[in-house]
$ cat coords-v5.cif   # mmCIF, C-alpha atoms, pLDDT in the B column; chains and numbers go by the auth columns
data_final
loop_
_atom_site.group_PDB
_atom_site.id
_atom_site.type_symbol
_atom_site.label_atom_id
_atom_site.label_comp_id
_atom_site.label_asym_id
_atom_site.label_seq_id
_atom_site.Cartn_x
_atom_site.Cartn_y
_atom_site.Cartn_z
_atom_site.B_iso_or_equiv
_atom_site.auth_seq_id
_atom_site.auth_asym_id
ATOM 1 C CA MET A 1 85.521 73.431 106.844 78.00 271 A
ATOM 2 C CA ALA A 2 87.904 75.741 105.004 90.00 272 A
ATOM 3 C CA LEU A 3 89.367 79.078 105.957 92.00 273 A
ATOM 4 C CA GLU A 4 89.507 81.981 103.539 91.00 274 A
ATOM 5 C CA TRP A 5 92.177 84.598 104.177 92.00 275 A
ATOM 6 C CA GLU A 6 90.225 87.853 104.183 93.00 276 A
ATOM 7 C CA GLN A 7 92.630 90.496 105.452 95.00 277 A
ATOM 8 C CA ILE A 8 95.396 91.499 107.793 96.00 278 A
ATOM 9 C CA ILE A 9 94.677 94.173 110.382 96.00 279 A
ATOM 10 C CA VAL A 10 97.312 96.897 110.675 96.00 280 A
ATOM 11 C CA ASP A 11 97.316 98.981 113.872 95.00 281 A
ATOM 12 C CA SER A 12 98.130 102.597 113.120 96.00 282 A
ATOM 13 C CA THR A 13 98.258 106.006 114.734 96.00 283 A
ATOM 14 C CA ASP A 14 96.986 107.501 111.434 96.00 284 A
ATOM 15 C CA PRO A 15 95.205 104.707 109.556 98.00 285 A
ATOM 16 C CA ILE A 16 93.973 106.813 106.637 98.00 286 A
ATOM 17 C CA VAL A 17 97.417 108.215 105.813 97.00 287 A
ATOM 18 C CA LEU A 18 99.136 104.849 106.249 98.00 288 A
ATOM 19 C CA GLY A 19 96.463 102.968 104.299 98.00 289 A
ATOM 20 C CA ARG A 20 96.683 105.408 101.403 98.00 290 A
ATOM 21 C CA TRP A 21 100.500 105.093 101.460 98.00 291 A
ATOM 22 C CA TRP A 22 100.285 101.293 101.195 98.00 292 A
ATOM 23 C CA ALA A 23 97.629 101.545 98.468 98.00 293 A
ATOM 24 C CA GLU A 24 100.019 103.655 96.409 98.00 294 A
ATOM 25 C CA ALA A 25 103.045 101.504 97.236 98.00 295 A
ATOM 26 C CA LEU A 26 101.247 98.292 96.229 98.00 296 A
ATOM 27 C CA GLY A 27 99.095 99.689 93.417 97.00 297 A
ATOM 28 C CA TRP A 28 95.983 98.520 95.312 98.00 298 A
ATOM 29 C CA VAL A 29 92.546 100.133 95.572 98.00 299 A
ATOM 30 C CA VAL A 30 90.652 101.553 98.533 98.00 300 A
ATOM 31 C CA VAL A 31 87.503 99.470 99.072 98.00 301 A
ATOM 32 C CA ASP A 32 86.262 101.022 102.326 97.00 302 A
ATOM 33 C CA GLU A 33 87.083 104.203 104.179 97.00 303 A
ATOM 34 C CA SER A 34 85.605 106.132 107.089 96.00 304 A
ATOM 35 C CA ASP A 35 86.985 108.789 109.408 95.00 305 A
ATOM 36 C CA GLU A 36 88.983 106.132 111.292 96.00 306 A
ATOM 37 C CA ILE A 37 89.568 103.068 109.100 98.00 307 A
ATOM 38 C CA ILE A 38 90.613 102.256 105.577 98.00 308 A
ATOM 39 C CA GLU A 39 90.647 98.926 103.757 98.00 309 A
ATOM 40 C CA ILE A 40 92.694 98.268 100.636 98.00 310 A
ATOM 41 C CA ARG A 41 92.797 95.266 98.298 98.00 311 A
ATOM 42 C CA PRO A 42 94.595 94.257 95.107 97.00 312 A
ATOM 43 C CA GLU A 43 91.254 94.667 93.271 97.00 313 A
ATOM 44 C CA PRO A 44 87.782 95.447 94.663 96.00 314 A
ATOM 45 C CA ASP A 45 86.695 91.788 94.787 95.00 315 A
ATOM 46 C CA ARG A 46 90.101 90.184 95.366 96.00 316 A
ATOM 47 C CA MET A 47 91.418 89.219 98.778 94.00 317 A
ATOM 48 C CA PRO A 48 93.306 89.223 101.029 95.00 318 A
ATOM 49 C CA GLY A 49 93.304 92.887 101.890 96.00 319 A
ATOM 50 C CA LEU A 50 94.778 95.168 104.511 97.00 320 A
ATOM 51 C CA LEU A 51 92.547 96.920 107.043 98.00 321 A
ATOM 52 C CA PHE A 52 94.143 99.870 108.853 98.00 322 A
ATOM 53 C CA VAL A 53 92.633 100.639 112.261 98.00 323 A
ATOM 54 C CA PRO A 54 93.413 103.293 114.875 97.00 324 A
ATOM 55 C CA VAL A 55 95.352 102.625 118.056 95.00 325 A
ATOM 56 C CA PRO A 56 96.466 105.312 120.516 91.00 326 A
ATOM 57 C CA GLU A 57 100.052 104.110 120.941 88.00 327 A
ATOM 58 C CA GLY A 58 102.837 104.203 118.381 83.00 328 A
ATOM 59 C CA LYS A 59 104.932 101.226 117.315 84.00 329 A
ATOM 60 C CA ALA A 60 107.210 100.177 120.191 85.00 330 A
ATOM 61 C CA SER A 61 109.410 97.368 118.823 87.00 331 A
ATOM 62 C CA LYS A 62 110.170 95.163 115.831 85.00 332 A
ATOM 63 C CA ASN A 63 107.139 93.685 114.064 86.00 333 A
ATOM 64 C CA ARG A 64 106.402 90.039 114.806 88.00 334 A
ATOM 65 C CA LEU A 65 105.042 89.666 111.268 91.00 335 A
ATOM 66 C CA HIS A 66 106.121 91.550 108.169 93.00 336 A
ATOM 67 C CA PRO A 67 105.550 91.218 104.425 95.00 337 A
ATOM 68 C CA ASP A 68 108.214 90.312 101.881 96.00 338 A
ATOM 69 C CA PHE A 69 107.883 91.502 98.279 96.00 339 A
ATOM 70 C CA ARG A 70 109.758 90.210 95.226 96.00 340 A
ATOM 71 C CA PRO A 71 109.809 92.803 92.432 96.00 341 A
ATOM 72 C CA ASP A 72 111.191 92.372 88.934 94.00 342 A
ATOM 73 C CA ASP A 73 113.892 94.950 89.706 96.00 343 A
ATOM 74 C CA GLN A 74 114.872 95.218 93.381 95.00 344 A
ATOM 75 C CA GLU A 75 116.987 98.360 93.048 95.00 345 A
ATOM 76 C CA ALA A 76 114.306 100.253 91.093 97.00 346 A
ATOM 77 C CA GLU A 77 111.595 99.189 93.529 97.00 347 A
ATOM 78 C CA VAL A 78 113.610 100.214 96.598 97.00 348 A
ATOM 79 C CA THR A 79 114.233 103.599 94.961 97.00 349 A
ATOM 80 C CA ARG A 80 110.508 103.996 94.178 98.00 350 A
ATOM 81 C CA LEU A 81 109.434 103.071 97.712 98.00 351 A
ATOM 82 C CA LEU A 82 111.996 105.438 99.236 98.00 352 A
ATOM 83 C CA SER A 83 110.631 108.229 97.018 98.00 353 A
ATOM 84 C CA LEU A 84 107.143 107.510 98.408 98.00 354 A
ATOM 85 C CA GLY A 85 108.380 107.945 101.981 97.00 355 A
ATOM 86 C CA ALA A 86 109.728 104.560 103.050 98.00 356 A
ATOM 87 C CA ARG A 87 112.976 104.571 105.030 96.00 357 A
ATOM 88 C CA ARG A 88 115.816 102.086 105.237 95.00 358 A
ATOM 89 C CA ALA A 89 115.820 100.050 108.443 93.00 359 A
ATOM 90 C CA ASP A 90 118.843 100.289 110.711 80.00 360 A
ATOM 91 C CA THR A 91 119.760 96.628 110.333 71.00 361 A
ATOM 92 C CA ALA A 92 122.934 94.997 109.124 63.00 362 A
ATOM 93 C CA GLN A 93 122.229 94.024 105.538 63.00 363 A
ATOM 94 C CA ASP A 94 125.670 93.268 104.159 62.00 364 A
ATOM 95 C CA HIS A 95 125.555 90.456 101.600 67.00 365 A
ATOM 96 C CA GLN A 96 121.808 89.923 101.996 77.00 366 A
ATOM 97 C CA HIS A 97 119.508 89.328 99.030 89.00 367 A
ATOM 98 C CA TRP A 98 116.838 91.558 100.579 92.00 368 A
ATOM 99 C CA VAL A 99 116.518 95.183 101.676 94.00 369 A
ATOM 100 C CA THR A 100 114.577 95.939 104.857 94.00 370 A
ATOM 101 C CA LEU A 101 112.528 99.114 104.691 96.00 371 A
ATOM 102 C CA LEU A 102 110.144 100.884 107.059 96.00 372 A
ATOM 103 C CA ASP A 103 106.780 102.334 106.088 97.00 373 A
ATOM 104 C CA PRO A 104 105.871 105.862 107.322 97.00 374 A
ATOM 105 C CA GLU A 105 104.911 104.500 110.774 96.00 375 A
ATOM 106 C CA GLY A 106 108.019 102.332 111.117 95.00 376 A
ATOM 107 C CA ASN A 107 106.583 98.929 110.155 96.00 377 A
ATOM 108 C CA GLU A 108 109.222 96.667 108.616 95.00 378 A
ATOM 109 C CA PHE A 109 108.914 95.057 105.202 96.00 379 A
ATOM 110 C CA CYS A 110 111.455 93.485 102.875 95.00 380 A
ATOM 111 C CA VAL A 111 112.130 93.921 99.194 96.00 381 A
ATOM 112 C CA LEU A 112 113.698 90.699 97.974 95.00 382 A
ATOM 113 C CA GLY A 113 116.260 90.263 95.261 92.00 383 A
ATOM 114 C CA GLU A 114 116.168 87.824 92.393 87.00 384 A
ATOM 115 C CA ARG A 115 115.032 84.328 93.371 83.00 385 A
ATOM 116 C CA LYS A 116 117.956 81.933 93.815 77.00 386 A
ATOM 117 C CA SER A 117 117.585 78.597 92.017 67.00 387 A
#

$ encode --input "coords-v5.cif" --output "structure tokens"
Amino acid sequence: MALEWEQIIVDSTDPIVLGRWWAEALGWVVVDESDEIIEIRPEPDRMPGLLFVPVPEGKASKNRLHPDFRPDDQEAEVTRLLSLGARRADTAQDHQHWVTLLDPEGNEFCVLGERKS
């Protein structure tokens, strides 16, 4: 028996807005959308995806799971994500090779620097 990673569920107070933000940030496509949910994937038939679902409460504390991304150019990517509406996290980041950002609902994610050999 094998497991196939299908998607990660993201709780959200406004799933459509947040899902569309992540689709733009990642360059992914919307594969399913209703009044309450939205699913995005790298390509229509490629997984895993992200499924954004409604919850009544807002984010209360630090995420227990967050994505890390390694772009070709960390500084340019951080600037692009900030222009889309991401915010810098209030964490000490002196001498780190990553930048912690928050999506529009406050979910943490990291933009990594160049891979160390």

$ resolve_selection --input "coords-v5.cif" --expression "the PyMOL selection byres ((chain A and resi 281) around 8)" --output "list in words"
Ile279, Val280, Ser282, Thr283, Pro285, Phe322, Val323, Pro324 and Val325 of chain A

$ closest_residue --input "coords-v5.cif" --among "A:Leu351, A:Val300, A:Val287, A:Met271" --to "A:Glu375" --atoms "all atoms listed in the file"
A:Val287

$ residues_around --input "coords-v5.cif" --residues "A:Arg385" --least-positions-apart "6" --cutoff "12 Å" --atoms "all atoms listed in the file" --output "VMD selection string"
chain A and resid 339 to 344 367 to 368

$ closest_residue --input "coords-v5.cif" --among "A:Pro318, A:Ala295, A:Gly376, A:Val301" --to "A:Leu273" --atoms "only C-alpha atoms"
A:Pro318

$ resolve_selection --input "coords-v5.cif" --expression "the PyMOL selection byres ((chain A and resi 274) around 12)" --output "PyMOL selection string"
chain A and resi 271-273+275-278+316-319

$ atom_distance --input "coords-v5.cif" --atom1 "atom CA of A:Asp305" --atom2 "atom CA of A:Leu288"
13.2 Å

$ residues_around --input "coords-v5.cif" --residues "A:Leu354" --least-positions-apart "5" --cutoff "12 Å" --atoms "all atoms listed in the file" --output "list in words"
Leu288, Arg290, Trp291, Trp292, Ala293, Glu294, Ala295, Leu296, Glu347, Val348, Thr349, Leu371, Leu372, Asp373 and Pro374 of chain A

$ resolve_selection --input "coords-v5.cif" --expression "the PyMOL selection byres ((chain A and resi 380) around 7)" --output "VMD selection string"
chain A and resid 337 to 339 368 to 371 378 to 379 381 to 382

$ atom_distance --input "coords-v5.cif" --atom1 "atom CA of A:Pro314" --atom2 "atom CA of A:Gly297"
12.1 Å

$ atom_distance --input "coords-v5.cif" --atom1 "atom CA of A:Leu320" --atom2 "atom CA of A:Asn377"
13.6 Å

$ axis_aligned_box --input "coords-v5.cif" --around "stretch 335-351 of chain A" --padding-each-side "5 Å" --output "AutoDock Vina command-line options"
--center_x 111.0 --center_y 96.8 --center_z 100.1 --size_x 21.9 --size_y 24.3 --size_z 32.3
